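A.B. asks: One file is attached below, input.txt, containing compact mmCIF, C-alpha atoms and all ligand atoms.
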```txt
# COMPACT_ATOMS: atom_id res chain seq x y z
CA MET D 1 -98.59 -170.20 -22.08
CA THR D 2 -97.89 -167.29 -19.74
CA GLN D 3 -96.85 -164.14 -21.57
CA LEU D 4 -94.14 -161.81 -20.34
CA SER D 5 -95.03 -158.12 -20.60
CA VAL D 6 -92.08 -155.86 -19.82
CA ASN D 7 -92.92 -152.68 -17.93
CA ILE D 8 -90.61 -150.00 -19.34
CA ASN D 9 -91.38 -147.15 -16.90
CA LYS D 10 -87.86 -147.35 -15.46
CA ILE D 11 -86.32 -146.75 -18.88
CA ALA D 12 -88.30 -143.52 -19.13
CA THR D 13 -87.21 -142.55 -15.61
CA ILE D 14 -83.55 -142.82 -16.64
CA ARG D 15 -84.20 -140.89 -19.86
CA ASN D 16 -86.01 -138.10 -18.03
CA ALA D 17 -83.12 -137.70 -15.56
CA ARG D 18 -81.09 -135.96 -18.27
CA GLY D 19 -83.75 -134.40 -20.44
CA GLY D 20 -82.50 -135.89 -23.71
CA ASN D 21 -83.53 -139.08 -25.44
CA THR D 22 -81.09 -141.57 -23.89
CA PRO D 23 -82.02 -144.31 -23.40
CA ASN D 24 -84.55 -144.26 -26.21
CA VAL D 25 -87.77 -145.65 -24.73
CA CYS D 26 -89.21 -146.76 -28.06
CA GLN D 27 -86.00 -148.47 -29.14
CA VAL D 28 -85.82 -150.32 -25.82
CA ALA D 29 -89.43 -151.45 -26.27
CA LEU D 30 -88.66 -152.74 -29.76
CA ASP D 31 -85.57 -154.50 -28.44
CA CYS D 32 -87.61 -156.11 -25.64
CA GLU D 33 -89.89 -157.50 -28.34
CA ARG D 34 -86.93 -158.63 -30.43
CA PHE D 35 -85.45 -160.42 -27.40
CA GLY D 36 -88.69 -162.30 -26.82
CA ALA D 37 -91.01 -160.19 -24.66
CA GLN D 38 -94.62 -160.85 -25.61
CA GLY D 39 -95.87 -157.49 -24.50
CA ILE D 40 -94.96 -153.99 -23.33
CA THR D 41 -96.54 -152.23 -20.34
CA VAL D 42 -96.48 -148.53 -19.49
CA HIS D 43 -98.01 -146.47 -16.71
CA PRO D 44 -98.40 -142.86 -17.87
CA ARG D 45 -98.89 -140.73 -14.76
CA PRO D 46 -100.41 -137.24 -14.78
CA ASP D 47 -97.04 -135.63 -13.90
CA GLU D 48 -95.31 -137.57 -16.73
CA ARG D 49 -92.43 -138.34 -14.39
CA HIS D 50 -91.58 -141.39 -16.44
CA ILE D 51 -93.78 -142.35 -19.40
CA ARG D 52 -95.16 -139.36 -21.30
CA VAL D 53 -98.30 -139.11 -23.38
CA THR D 54 -96.09 -138.73 -26.47
CA ASP D 55 -94.37 -142.05 -25.60
CA VAL D 56 -97.73 -143.77 -25.46
CA TRP D 57 -98.65 -142.60 -28.97
CA GLU D 58 -95.26 -143.46 -30.40
CA LEU D 59 -95.27 -146.91 -28.81
CA LYS D 60 -98.73 -147.61 -30.19
CA SER D 61 -97.49 -146.92 -33.71
CA ILE D 62 -94.44 -149.21 -33.54
CA LEU D 63 -95.21 -152.12 -31.21
CA LYS D 64 -95.94 -155.53 -32.70
CA THR D 65 -96.75 -157.36 -29.48
CA GLU D 66 -99.41 -156.71 -26.85
CA PHE D 67 -99.58 -153.14 -25.59
CA ASN D 68 -100.84 -152.77 -22.02
CA ILE D 69 -101.48 -149.36 -20.49
CA GLU D 70 -102.02 -149.24 -16.75
CA GLY D 71 -103.22 -146.39 -14.61
CA TYR D 72 -105.89 -144.79 -12.48
CA PRO D 73 -109.02 -144.18 -14.56
CA ALA D 74 -109.20 -140.39 -14.20
CA PRO D 75 -110.87 -138.60 -17.15
CA ALA D 76 -107.56 -137.71 -18.88
CA PHE D 77 -106.33 -141.32 -18.61
CA ILE D 78 -109.63 -142.69 -19.91
CA ASN D 79 -109.56 -140.34 -22.90
CA LEU D 80 -105.94 -141.19 -23.71
CA VAL D 81 -106.50 -144.95 -23.56
CA LYS D 82 -109.69 -144.78 -25.60
CA SER D 83 -107.90 -142.79 -28.32
CA VAL D 84 -104.76 -144.92 -28.37
CA LYS D 85 -106.69 -148.22 -28.18
CA PRO D 86 -104.07 -150.58 -26.73
CA HIS D 87 -104.82 -154.31 -26.51
CA GLN D 88 -105.33 -154.07 -22.77
CA VAL D 89 -105.89 -151.49 -20.07
CA THR D 90 -105.09 -152.34 -16.45
CA LEU D 91 -107.00 -150.30 -13.91
CA VAL D 92 -105.07 -149.47 -10.74
CA PRO D 93 -106.43 -147.51 -7.77
CA ASP D 94 -103.31 -145.49 -6.97
CA PRO D 95 -103.54 -141.73 -6.49
CA PRO D 96 -101.54 -139.54 -8.92
CA GLU D 97 -98.73 -138.78 -6.46
CA ALA D 98 -98.11 -142.43 -5.50
CA LEU D 99 -94.58 -143.75 -5.97
CA THR D 100 -95.92 -147.00 -7.36
CA SER D 101 -99.11 -149.07 -7.14
CA SER D 102 -99.31 -150.32 -3.59
CA ALA D 103 -102.75 -151.92 -3.35
CA GLY D 104 -105.49 -153.52 -5.38
CA TRP D 105 -108.98 -152.10 -5.81
CA ASP D 106 -111.62 -152.25 -3.15
CA THR D 107 -114.05 -153.56 -5.76
CA VAL D 108 -116.94 -153.70 -3.28
CA THR D 109 -116.85 -149.96 -2.58
CA HIS D 110 -116.04 -148.97 -6.17
CA LEU D 111 -118.26 -151.50 -7.97
CA GLU D 112 -120.50 -149.00 -9.76
CA PHE D 113 -117.59 -146.77 -10.85
CA LEU D 114 -115.62 -149.76 -12.14
CA LYS D 115 -118.64 -151.19 -13.96
CA GLU D 116 -118.99 -147.94 -15.88
CA VAL D 117 -115.29 -147.62 -16.70
CA VAL D 118 -114.94 -151.28 -17.72
CA ALA D 119 -117.92 -151.04 -20.08
CA ASP D 120 -116.56 -147.79 -21.55
CA PHE D 121 -113.23 -149.41 -22.48
CA GLN D 122 -114.81 -152.65 -23.68
CA ALA D 123 -117.07 -150.66 -26.01
CA GLU D 124 -113.85 -149.50 -27.72
CA GLY D 125 -112.64 -153.11 -28.08
CA ILE D 126 -110.04 -152.78 -25.32
CA ARG D 127 -109.58 -155.73 -22.96
CA VAL D 128 -109.78 -154.70 -19.31
CA SER D 129 -107.86 -156.03 -16.33
CA VAL D 130 -108.58 -154.89 -12.76
CA PHE D 131 -105.73 -154.86 -10.25
CA VAL D 132 -106.77 -156.72 -7.06
CA ASP D 133 -105.33 -158.27 -3.94
CA THR D 134 -106.17 -161.81 -2.82
CA ASN D 135 -109.20 -160.82 -0.75
CA LEU D 136 -111.83 -163.19 -2.18
CA LYS D 137 -114.60 -160.63 -1.82
CA ASN D 138 -112.61 -158.26 -4.08
CA ILE D 139 -112.28 -161.02 -6.70
CA GLU D 140 -116.01 -161.80 -6.52
CA TYR D 141 -116.90 -158.16 -6.99
CA ALA D 142 -114.28 -157.74 -9.73
CA ALA D 143 -116.26 -160.34 -11.69
CA LEU D 144 -119.39 -158.21 -11.18
CA THR D 145 -117.68 -155.22 -12.83
CA GLY D 146 -117.70 -157.17 -16.11
CA THR D 147 -113.89 -157.04 -16.42
CA ASP D 148 -112.18 -159.53 -18.69
CA ARG D 149 -109.29 -160.22 -16.33
CA VAL D 150 -107.91 -159.45 -12.91
CA GLU D 151 -104.25 -158.76 -12.17
CA LEU D 152 -103.15 -160.12 -8.80
CA TYR D 153 -101.03 -157.67 -6.80
CA THR D 154 -98.04 -159.88 -6.00
CA GLU D 155 -96.05 -157.64 -3.64
CA PRO D 156 -97.10 -159.60 -0.50
CA TYR D 157 -96.06 -162.84 -2.23
CA ALA D 158 -92.66 -161.39 -3.14
CA THR D 159 -92.09 -160.03 0.36
CA ASN D 160 -92.98 -163.29 2.08
CA TYR D 161 -91.37 -165.63 -0.44
CA PRO D 162 -87.94 -165.71 1.27
CA ILE D 163 -89.56 -166.47 4.64
CA ASP D 164 -91.99 -169.25 3.65
CA ARG D 165 -92.84 -169.60 -0.02
CA GLU D 166 -95.66 -172.13 0.47
CA LYS D 167 -97.41 -169.84 2.91
CA ALA D 168 -96.67 -166.84 0.69
CA VAL D 169 -98.30 -168.35 -2.38
CA ALA D 170 -101.30 -170.00 -0.68
CA PRO D 171 -103.68 -166.98 -0.78
CA PHE D 172 -102.71 -166.37 -4.41
CA VAL D 173 -103.57 -169.94 -5.40
CA GLU D 174 -106.94 -169.59 -3.69
CA ALA D 175 -107.63 -166.23 -5.34
CA ALA D 176 -106.50 -167.52 -8.73
CA LYS D 177 -108.82 -170.56 -8.44
CA LEU D 178 -111.77 -168.34 -7.58
CA ALA D 179 -110.98 -166.03 -10.51
CA LYS D 180 -110.88 -169.05 -12.82
CA ASN D 181 -114.20 -170.37 -11.48
CA LEU D 182 -115.76 -166.96 -12.06
CA GLY D 183 -114.58 -167.01 -15.67
CA LEU D 184 -111.99 -164.26 -15.21
CA GLY D 185 -108.70 -164.23 -17.08
CA LEU D 186 -105.65 -163.88 -14.85
CA ASN D 187 -102.60 -161.60 -14.87
CA ALA D 188 -100.10 -160.96 -12.09
CA GLY D 189 -97.54 -158.34 -11.27
CA HIS D 190 -95.50 -156.33 -8.80
CA ASP D 191 -92.11 -157.30 -7.41
CA LEU D 192 -91.93 -160.50 -9.41
CA SER D 193 -88.29 -161.43 -9.98
CA LEU D 194 -85.91 -164.15 -11.11
CA GLU D 195 -85.95 -165.36 -7.51
CA ASN D 196 -89.70 -165.77 -7.03
CA LEU D 197 -91.31 -166.01 -10.49
CA ALA D 198 -90.82 -169.70 -11.31
CA TYR D 199 -92.46 -170.94 -8.11
CA PHE D 200 -95.42 -168.60 -8.56
CA HIS D 201 -95.88 -169.87 -12.09
CA THR D 202 -95.55 -173.51 -11.04
CA MET D 203 -98.29 -173.05 -8.46
CA ILE D 204 -100.59 -171.03 -10.78
CA PRO D 205 -99.67 -172.19 -14.29
CA TRP D 206 -102.86 -170.81 -15.88
CA ILE D 207 -101.75 -167.18 -15.47
CA GLU D 208 -102.08 -165.48 -18.83
CA GLU D 209 -99.64 -162.63 -18.34
CA VAL D 210 -97.07 -161.35 -15.89
CA SER D 211 -96.05 -157.72 -16.06
CA ILE D 212 -92.57 -157.08 -14.71
CA GLY D 213 -90.53 -153.90 -14.54
CA HIS D 214 -88.32 -153.05 -11.60
CA ALA D 215 -86.50 -156.35 -11.06
CA LEU D 216 -86.18 -157.10 -14.77
CA ILE D 217 -84.65 -153.74 -15.65
CA SER D 218 -82.34 -154.03 -12.61
CA ASP D 219 -81.22 -157.51 -13.70
CA ALA D 220 -80.52 -156.14 -17.17
CA ILE D 221 -77.71 -154.01 -15.66
CA TYR D 222 -75.83 -157.22 -14.92
CA PHE D 223 -77.04 -159.68 -17.57
CA GLY D 224 -77.95 -157.35 -20.43
CA LEU D 225 -81.51 -156.97 -21.71
CA ASP D 226 -81.45 -159.86 -24.16
CA ASP D 227 -80.17 -162.42 -21.64
CA THR D 228 -82.44 -161.07 -18.89
CA ILE D 229 -85.60 -161.41 -20.96
CA LYS D 230 -84.63 -164.95 -21.90
CA ARG D 231 -84.02 -165.76 -18.21
CA TYR D 232 -87.48 -164.46 -17.25
CA LYS D 233 -89.13 -166.40 -20.04
CA LYS D 234 -87.35 -169.54 -18.90
CA GLN D 235 -89.00 -169.15 -15.46
CA LEU D 236 -92.36 -169.35 -17.22
CA GLU D 237 -91.71 -172.58 -19.12
N1 LIG O 301 -98.52 -154.27 -12.31
C1 LIG O 301 -98.94 -153.04 -11.94
C2 LIG O 301 -100.41 -152.77 -11.90
C3 LIG O 301 -98.02 -152.04 -11.61
O1 LIG O 301 -98.47 -150.82 -11.23
C4 LIG O 301 -96.65 -152.32 -11.68
C5 LIG O 301 -95.65 -151.23 -11.37
O2 LIG O 301 -95.75 -150.21 -12.30
C6 LIG O 301 -96.25 -153.60 -12.09
C7 LIG O 301 -97.21 -154.55 -12.38
C8 LIG O 301 -94.82 -153.98 -12.21
O3 LIG O 301 -94.22 -154.01 -10.93
P1 LIG O 301 -92.64 -154.13 -10.81
O4 LIG O 301 -92.05 -152.89 -11.38
O5 LIG O 301 -92.42 -154.28 -9.34
O6 LIG O 301 -92.24 -155.36 -11.58
```
I need this file expressed as structure tokens, please.
C.D. replies:
Amino acid sequence: MTQLSVNINKIATIRNARGGNTPNVCQVALDCERFGAQGITVHPRPDERHIRVTDVWELKSILKTEFNIEGYPAPAFINLVKSVKPHQVTLVPDPPEALTSSAGWDTVTHLEFLKEVVADFQAEGIRVSVFVDTNLKNIEYAALTGTDRVELYTEPYATNYPIDREKAVAPFVEAAKLAKNLGLGLNAGHDLSLENLAYFHTMIPWIEEVSIGHALISDAIYFGLDDTIKRYKKQLE
């Protein structure tokens, strides 16, 4: 069964716009769980423009489902994740000032660095996922890092879906098959939505987890959070 992890960065962005505690990030996370989400994802950035370090600690103490922390493995991020000990850490290669993650790792170039970081987290009992595109070489080298899973960067799929969904998904199916053959677990995320999620899941049903933020929180404006989460879960049946 594919798990839905809700990325709640956007909730923190709205909260931070006014400096108070509305909406309450932790309460929203608990409500996501109550409405059926099987995990919560956050991306604490060095400038704390959405999720703050204090959010990460508070979430760790209250969440009952899978906690996934994503980010660039700079020393401060590594120390935070190793102290908080979430179920999973997702390593993304984005620089601190990036608006959002916009590429997977070049695992060939960064093999030795990733090997070290992956082993460091695994020694603390934290499952590791490495964010990658569909370049097969990057998947092959991701396996050499020792990571438990890879997360496929789905933005190109989402962008091309309305033009030709079969063509859009083809490289992802190939990459997902290679990951499976290499013994890697599989996650996916970025720009997945109610429009494109079901087809992606039908074509790659062995995905373990999708992490979805922007579209899901946007849909919640119209459908409400409870209904929206149920709609996303229905796409994964
Ligand atoms: N996966 C990773 C690694 C991400 O960085 C993000 C964005 O924070 C997502 C998934 C979720 O993307 P979206 O907000 O487009 O659903």
A.B. asks: Which residues, protein or nucleic acid, reach to within 6 Å of (-98.8, -149.0, -19.0) in the file's coordinates when using only C-alpha atoms, and can you give that as a list of chain:residue names?
C.D. replies: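 Residues with an atom at most 6 Å from (-98.8, -149.0, -19.0): D:Thr41, D:Val42, D:His43, D:Asn68, D:Ile69, D:Glu70.
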A.B. asks: Select the residues contacting ligand LIG 301 (chain O) at a distance of at most 7 Å, based on all atoms listed in the file, then format the selection as a ChimeraX atom specification.
C.D. replies: /D:7,43,70,90,92,100-101,131,153,188-192,211-215
A.B. asks: Can you write just those residues out, C-alpha atoms, as a compact mmCIF listing (two decimals), keeping the file's coordinate frame?
C.D. replies:
```
# COMPACT_ATOMS: atom_id res chain seq x y z
CA ASN D 7 -92.92 -152.68 -17.93
CA HIS D 43 -98.01 -146.47 -16.71
CA GLU D 70 -102.02 -149.24 -16.75
CA THR D 90 -105.09 -152.34 -16.45
CA VAL D 92 -105.07 -149.47 -10.74
CA THR D 100 -95.92 -147.00 -7.36
CA SER D 101 -99.11 -149.07 -7.14
CA PHE D 131 -105.73 -154.86 -10.25
CA TYR D 153 -101.03 -157.67 -6.80
CA ALA D 188 -100.10 -160.96 -12.09
CA GLY D 189 -97.54 -158.34 -11.27
CA HIS D 190 -95.50 -156.33 -8.80
CA ASP D 191 -92.11 -157.30 -7.41
CA LEU D 192 -91.93 -160.50 -9.41
CA SER D 211 -96.05 -157.72 -16.06
CA ILE D 212 -92.57 -157.08 -14.71
CA GLY D 213 -90.53 -153.90 -14.54
CA HIS D 214 -88.32 -153.05 -11.60
CA ALA D 215 -86.50 -156.35 -11.06
```
A.B. asks: Using all atoms listed in the file, which of the listed residues (D:Val173, D:Leu59, D:Val108, D:Val210) sits closest to Gln235 in chain D?
C.D. replies: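 The closest residue to Gln235 in chain D is D:Val210.
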A.B. asks: Find the spatial neighbours of Ser5 in chain D, counting all atoms listed in the file, within a cut-off of 6 Å - ignore same-chain residues fewer than 3 positions away - and output them as a compact mmCIF listing (two decimals) with C-alpha atoms, keeping the file's coordinate frame.
C.D. replies:
```
# COMPACT_ATOMS: atom_id res chain seq x y z
CA GLN D 38 -94.62 -160.85 -25.61
CA GLY D 39 -95.87 -157.49 -24.50
CA ILE D 40 -94.96 -153.99 -23.33
CA SER D 211 -96.05 -157.72 -16.06
```
A.B. asks: Return the single residue from D:Asp226, D:Thr202, D:Ala74, D:Leu186 that is closest to Arg34 in chain D, with distances computed using all atoms listed in the file.
C.D. replies: D:Asp226
A.B. asks: Which polymer residues, whether protein, DNA or RNA, lie within 12 Å of the coordinate (-109.5, -154.2, -17.8) when you count only C-alpha atoms? List them as an MDAnalysis selection string, using the chain letters and numbers from the file.
C.D. replies: chainID D and resid 68:73 78 81 86:92 114:132 142:143 145:151 184:187
A.B. asks: Next, write the just-selected residues to a file, as an mmCIF file, keeping the file's coordinate frame, keeping C-alpha atoms as the atom set.
C.D. replies:
```cif
data_model
loop_
_atom_site.group_PDB
_atom_site.id
_atom_site.type_symbol
_atom_site.label_atom_id
_atom_site.label_comp_id
_atom_site.auth_asym_id
_atom_site.auth_seq_id
_atom_site.Cartn_x
_atom_site.Cartn_y
_atom_site.Cartn_z
ATOM 1 C CA ASN D 68 -100.840 -152.770 -22.020
ATOM 2 C CA ILE D 69 -101.480 -149.360 -20.490
ATOM 3 C CA GLU D 70 -102.020 -149.240 -16.750
ATOM 4 C CA GLY D 71 -103.220 -146.390 -14.610
ATOM 5 C CA TYR D 72 -105.890 -144.790 -12.480
ATOM 6 C CA PRO D 73 -109.020 -144.180 -14.560
ATOM 7 C CA ILE D 78 -109.630 -142.690 -19.910
ATOM 8 C CA VAL D 81 -106.500 -144.950 -23.560
ATOM 9 C CA PRO D 86 -104.070 -150.580 -26.730
ATOM 10 C CA HIS D 87 -104.820 -154.310 -26.510
ATOM 11 C CA GLN D 88 -105.330 -154.070 -22.770
ATOM 12 C CA VAL D 89 -105.890 -151.490 -20.070
ATOM 13 C CA THR D 90 -105.090 -152.340 -16.450
ATOM 14 C CA LEU D 91 -107.000 -150.300 -13.910
ATOM 15 C CA VAL D 92 -105.070 -149.470 -10.740
ATOM 16 C CA LEU D 114 -115.620 -149.760 -12.140
ATOM 17 C CA LYS D 115 -118.640 -151.190 -13.960
ATOM 18 C CA GLU D 116 -118.990 -147.940 -15.880
ATOM 19 C CA VAL D 117 -115.290 -147.620 -16.700
ATOM 20 C CA VAL D 118 -114.940 -151.280 -17.720
ATOM 21 C CA ALA D 119 -117.920 -151.040 -20.080
ATOM 22 C CA ASP D 120 -116.560 -147.790 -21.550
ATOM 23 C CA PHE D 121 -113.230 -149.410 -22.480
ATOM 24 C CA GLN D 122 -114.810 -152.650 -23.680
ATOM 25 C CA ALA D 123 -117.070 -150.660 -26.010
ATOM 26 C CA GLU D 124 -113.850 -149.500 -27.720
ATOM 27 C CA GLY D 125 -112.640 -153.110 -28.080
ATOM 28 C CA ILE D 126 -110.040 -152.780 -25.320
ATOM 29 C CA ARG D 127 -109.580 -155.730 -22.960
ATOM 30 C CA VAL D 128 -109.780 -154.700 -19.310
ATOM 31 C CA SER D 129 -107.860 -156.030 -16.330
ATOM 32 C CA VAL D 130 -108.580 -154.890 -12.760
ATOM 33 C CA PHE D 131 -105.730 -154.860 -10.250
ATOM 34 C CA VAL D 132 -106.770 -156.720 -7.060
ATOM 35 C CA ALA D 142 -114.280 -157.740 -9.730
ATOM 36 C CA ALA D 143 -116.260 -160.340 -11.690
ATOM 37 C CA THR D 145 -117.680 -155.220 -12.830
ATOM 38 C CA GLY D 146 -117.700 -157.170 -16.110
ATOM 39 C CA THR D 147 -113.890 -157.040 -16.420
ATOM 40 C CA ASP D 148 -112.180 -159.530 -18.690
ATOM 41 C CA ARG D 149 -109.290 -160.220 -16.330
ATOM 42 C CA VAL D 150 -107.910 -159.450 -12.910
ATOM 43 C CA GLU D 151 -104.250 -158.760 -12.170
ATOM 44 C CA LEU D 184 -111.990 -164.260 -15.210
ATOM 45 C CA GLY D 185 -108.700 -164.230 -17.080
ATOM 46 C CA LEU D 186 -105.650 -163.880 -14.850
ATOM 47 C CA ASN D 187 -102.600 -161.600 -14.870
#
```
A.B. asks: Between D:Thr134, D:Asn9, D:Asn160, D:Thr154, which is the closest to Ala175 in chain D once you count only C-alpha atoms?
C.D. replies: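 Looking only at the distances to Ala175 in chain D, the closest residue turns out to be D:Thr134.
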A.B. asks: As a PyMOL selection string, please: the residues near range 20-24 of chain D (cut-off 12 Å, all atoms listed in the file, same-chain neighbours under 5 positions excluded).
C.D. replies: chain D and resi 8-15+29-31+51+55+58-59
A.B. asks: Measure the distance from CA of Pro162 in chain D to CA of Ser218 in chain D in Å and round it to one decimal.
C.D. replies: 19.0 Å
A.B. asks: If you measure from CA of Leu144 in chain D to CA of Val169 in chain D, what distance in Å do you get, rounded to one decimal?
C.D. replies: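 Computing it gives 25.0 Å between the two atoms.
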A.B. asks: Set up a box along x, y and z of the file covering all listed atoms of range 31-41 of chain D, add 3 Å on every one of the six sides, and write the centre and edge lengths in Å to one decimal, as AutoDock Vina command-line options.
C.D. replies:
```
--center_x -91.0 --center_y -157.3 --center_z -25.4 --size_x 17.1 --size_y 16.1 --size_z 16.1
```
A.B. asks: From the options D:Met203, D:Arg18, D:Gly36, D:Ser102, which residue's atoms come nearest to Thr228 in chain D, counting only C-alpha atoms?
C.D. replies: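 When distances to Thr228 in chain D are compared using only C-alpha atoms, the smallest one comes from D:Gly36.
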A.B. asks: Can you tell me how far CA of Lys177 in chain D sits from CA of Leu4 in chain D, in Å to one decimal?
C.D. replies: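 That distance, rounded to one decimal, is 20.8 Å.
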A.B. asks: For range 157-172 of chain D, where the input has fewer atoms than it should, I would like N, CA, C and O atoms rebuilt and written as a PDB file, in the frame of the given file.
C.D. replies:
```pdb
ATOM      1  N   TYR D 157     -96.710-161.549  -1.905  1.00  0.00           N
ATOM      2  CA  TYR D 157     -96.060-162.840  -2.230  1.00  0.00           C
ATOM      3  C   TYR D 157     -94.545-162.668  -2.274  1.00  0.00           C
ATOM      4  O   TYR D 157     -93.793-163.425  -1.657  1.00  0.00           O
ATOM      5  N   ALA D 158     -94.099-161.622  -2.984  1.00  0.00           N
ATOM      6  CA  ALA D 158     -92.660-161.390  -3.140  1.00  0.00           C
ATOM      7  C   ALA D 158     -91.991-161.119  -1.789  1.00  0.00           C
ATOM      8  O   ALA D 158     -90.893-161.618  -1.516  1.00  0.00           O
ATOM      9  N   THR D 159     -92.660-160.373  -0.950  1.00  0.00           N
ATOM     10  CA  THR D 159     -92.090-160.030   0.360  1.00  0.00           C
ATOM     11  C   THR D 159     -91.965-161.270   1.246  1.00  0.00           C
ATOM     12  O   THR D 159     -90.972-161.451   1.955  1.00  0.00           O
ATOM     13  N   ASN D 160     -92.979-162.131   1.190  1.00  0.00           N
ATOM     14  CA  ASN D 160     -92.980-163.290   2.080  1.00  0.00           C
ATOM     15  C   ASN D 160     -92.298-164.519   1.503  1.00  0.00           C
ATOM     16  O   ASN D 160     -92.047-165.486   2.217  1.00  0.00           O
ATOM     17  N   TYR D 161     -91.992-164.483   0.221  1.00  0.00           N
ATOM     18  CA  TYR D 161     -91.370-165.630  -0.440  1.00  0.00           C
ATOM     19  C   TYR D 161     -90.108-166.120   0.280  1.00  0.00           C
ATOM     20  O   TYR D 161     -89.957-167.320   0.539  1.00  0.00           O
ATOM     21  N   PRO D 162     -89.179-165.224   0.640  1.00  0.00           N
ATOM     22  CA  PRO D 162     -87.940-165.710   1.270  1.00  0.00           C
ATOM     23  C   PRO D 162     -88.175-166.316   2.664  1.00  0.00           C
ATOM     24  O   PRO D 162     -87.350-167.085   3.141  1.00  0.00           O
ATOM     25  N   ILE D 163     -89.291-165.975   3.283  1.00  0.00           N
ATOM     26  CA  ILE D 163     -89.560-166.470   4.640  1.00  0.00           C
ATOM     27  C   ILE D 163     -90.211-167.859   4.571  1.00  0.00           C
ATOM     28  O   ILE D 163     -89.763-168.807   5.213  1.00  0.00           O
ATOM     29  N   ASP D 164     -91.263-167.980   3.760  1.00  0.00           N
ATOM     30  CA  ASP D 164     -91.990-169.250   3.650  1.00  0.00           C
ATOM     31  C   ASP D 164     -92.784-169.219   2.346  1.00  0.00           C
ATOM     32  O   ASP D 164     -93.885-168.671   2.290  1.00  0.00           O
ATOM     33  N   ARG D 165     -92.219-169.788   1.296  1.00  0.00           N
ATOM     34  CA  ARG D 165     -92.840-169.600  -0.020  1.00  0.00           C
ATOM     35  C   ARG D 165     -94.198-170.307  -0.141  1.00  0.00           C
ATOM     36  O   ARG D 165     -95.081-169.838  -0.851  1.00  0.00           O
ATOM     37  N   GLU D 166     -94.363-171.430   0.561  1.00  0.00           N
ATOM     38  CA  GLU D 166     -95.660-172.130   0.470  1.00  0.00           C
ATOM     39  C   GLU D 166     -96.766-171.278   1.090  1.00  0.00           C
ATOM     40  O   GLU D 166     -97.856-171.152   0.539  1.00  0.00           O
ATOM     41  N   LYS D 167     -96.442-170.709   2.240  1.00  0.00           N
ATOM     42  CA  LYS D 167     -97.410-169.840   2.910  1.00  0.00           C
ATOM     43  C   LYS D 167     -97.644-168.567   2.083  1.00  0.00           C
ATOM     44  O   LYS D 167     -98.752-168.054   2.018  1.00  0.00           O
ATOM     45  N   ALA D 168     -96.565-168.085   1.470  1.00  0.00           N
ATOM     46  CA  ALA D 168     -96.670-166.840   0.690  1.00  0.00           C
ATOM     47  C   ALA D 168     -97.593-167.007  -0.517  1.00  0.00           C
ATOM     48  O   ALA D 168     -98.352-166.103  -0.860  1.00  0.00           O
ATOM     49  N   VAL D 169     -97.529-168.174  -1.138  1.00  0.00           N
ATOM     50  CA  VAL D 169     -98.300-168.350  -2.380  1.00  0.00           C
ATOM     51  C   VAL D 169     -99.732-168.801  -2.123  1.00  0.00           C
ATOM     52  O   VAL D 169    -100.609-168.630  -2.987  1.00  0.00           O
ATOM     53  N   ALA D 170     -99.989-169.379  -0.943  1.00  0.00           N
ATOM     54  CA  ALA D 170    -101.300-170.000  -0.680  1.00  0.00           C
ATOM     55  C   ALA D 170    -102.494-169.080  -0.977  1.00  0.00           C
ATOM     56  O   ALA D 170    -103.421-169.478  -1.709  1.00  0.00           O
ATOM     57  N   PRO D 171    -102.519-167.833  -0.469  1.00  0.00           N
ATOM     58  CA  PRO D 171    -103.680-166.980  -0.780  1.00  0.00           C
ATOM     59  C   PRO D 171    -103.804-166.665  -2.266  1.00  0.00           C
ATOM     60  O   PRO D 171    -104.914-166.425  -2.766  1.00  0.00           O
ATOM     61  N   PHE D 172    -102.682-166.658  -2.970  1.00  0.00           N
ATOM     62  CA  PHE D 172    -102.710-166.370  -4.410  1.00  0.00           C
ATOM     63  C   PHE D 172    -103.312-167.545  -5.182  1.00  0.00           C
ATOM     64  O   PHE D 172    -104.051-167.352  -6.152  1.00  0.00           O
TER      65      PHE D 172
END
```
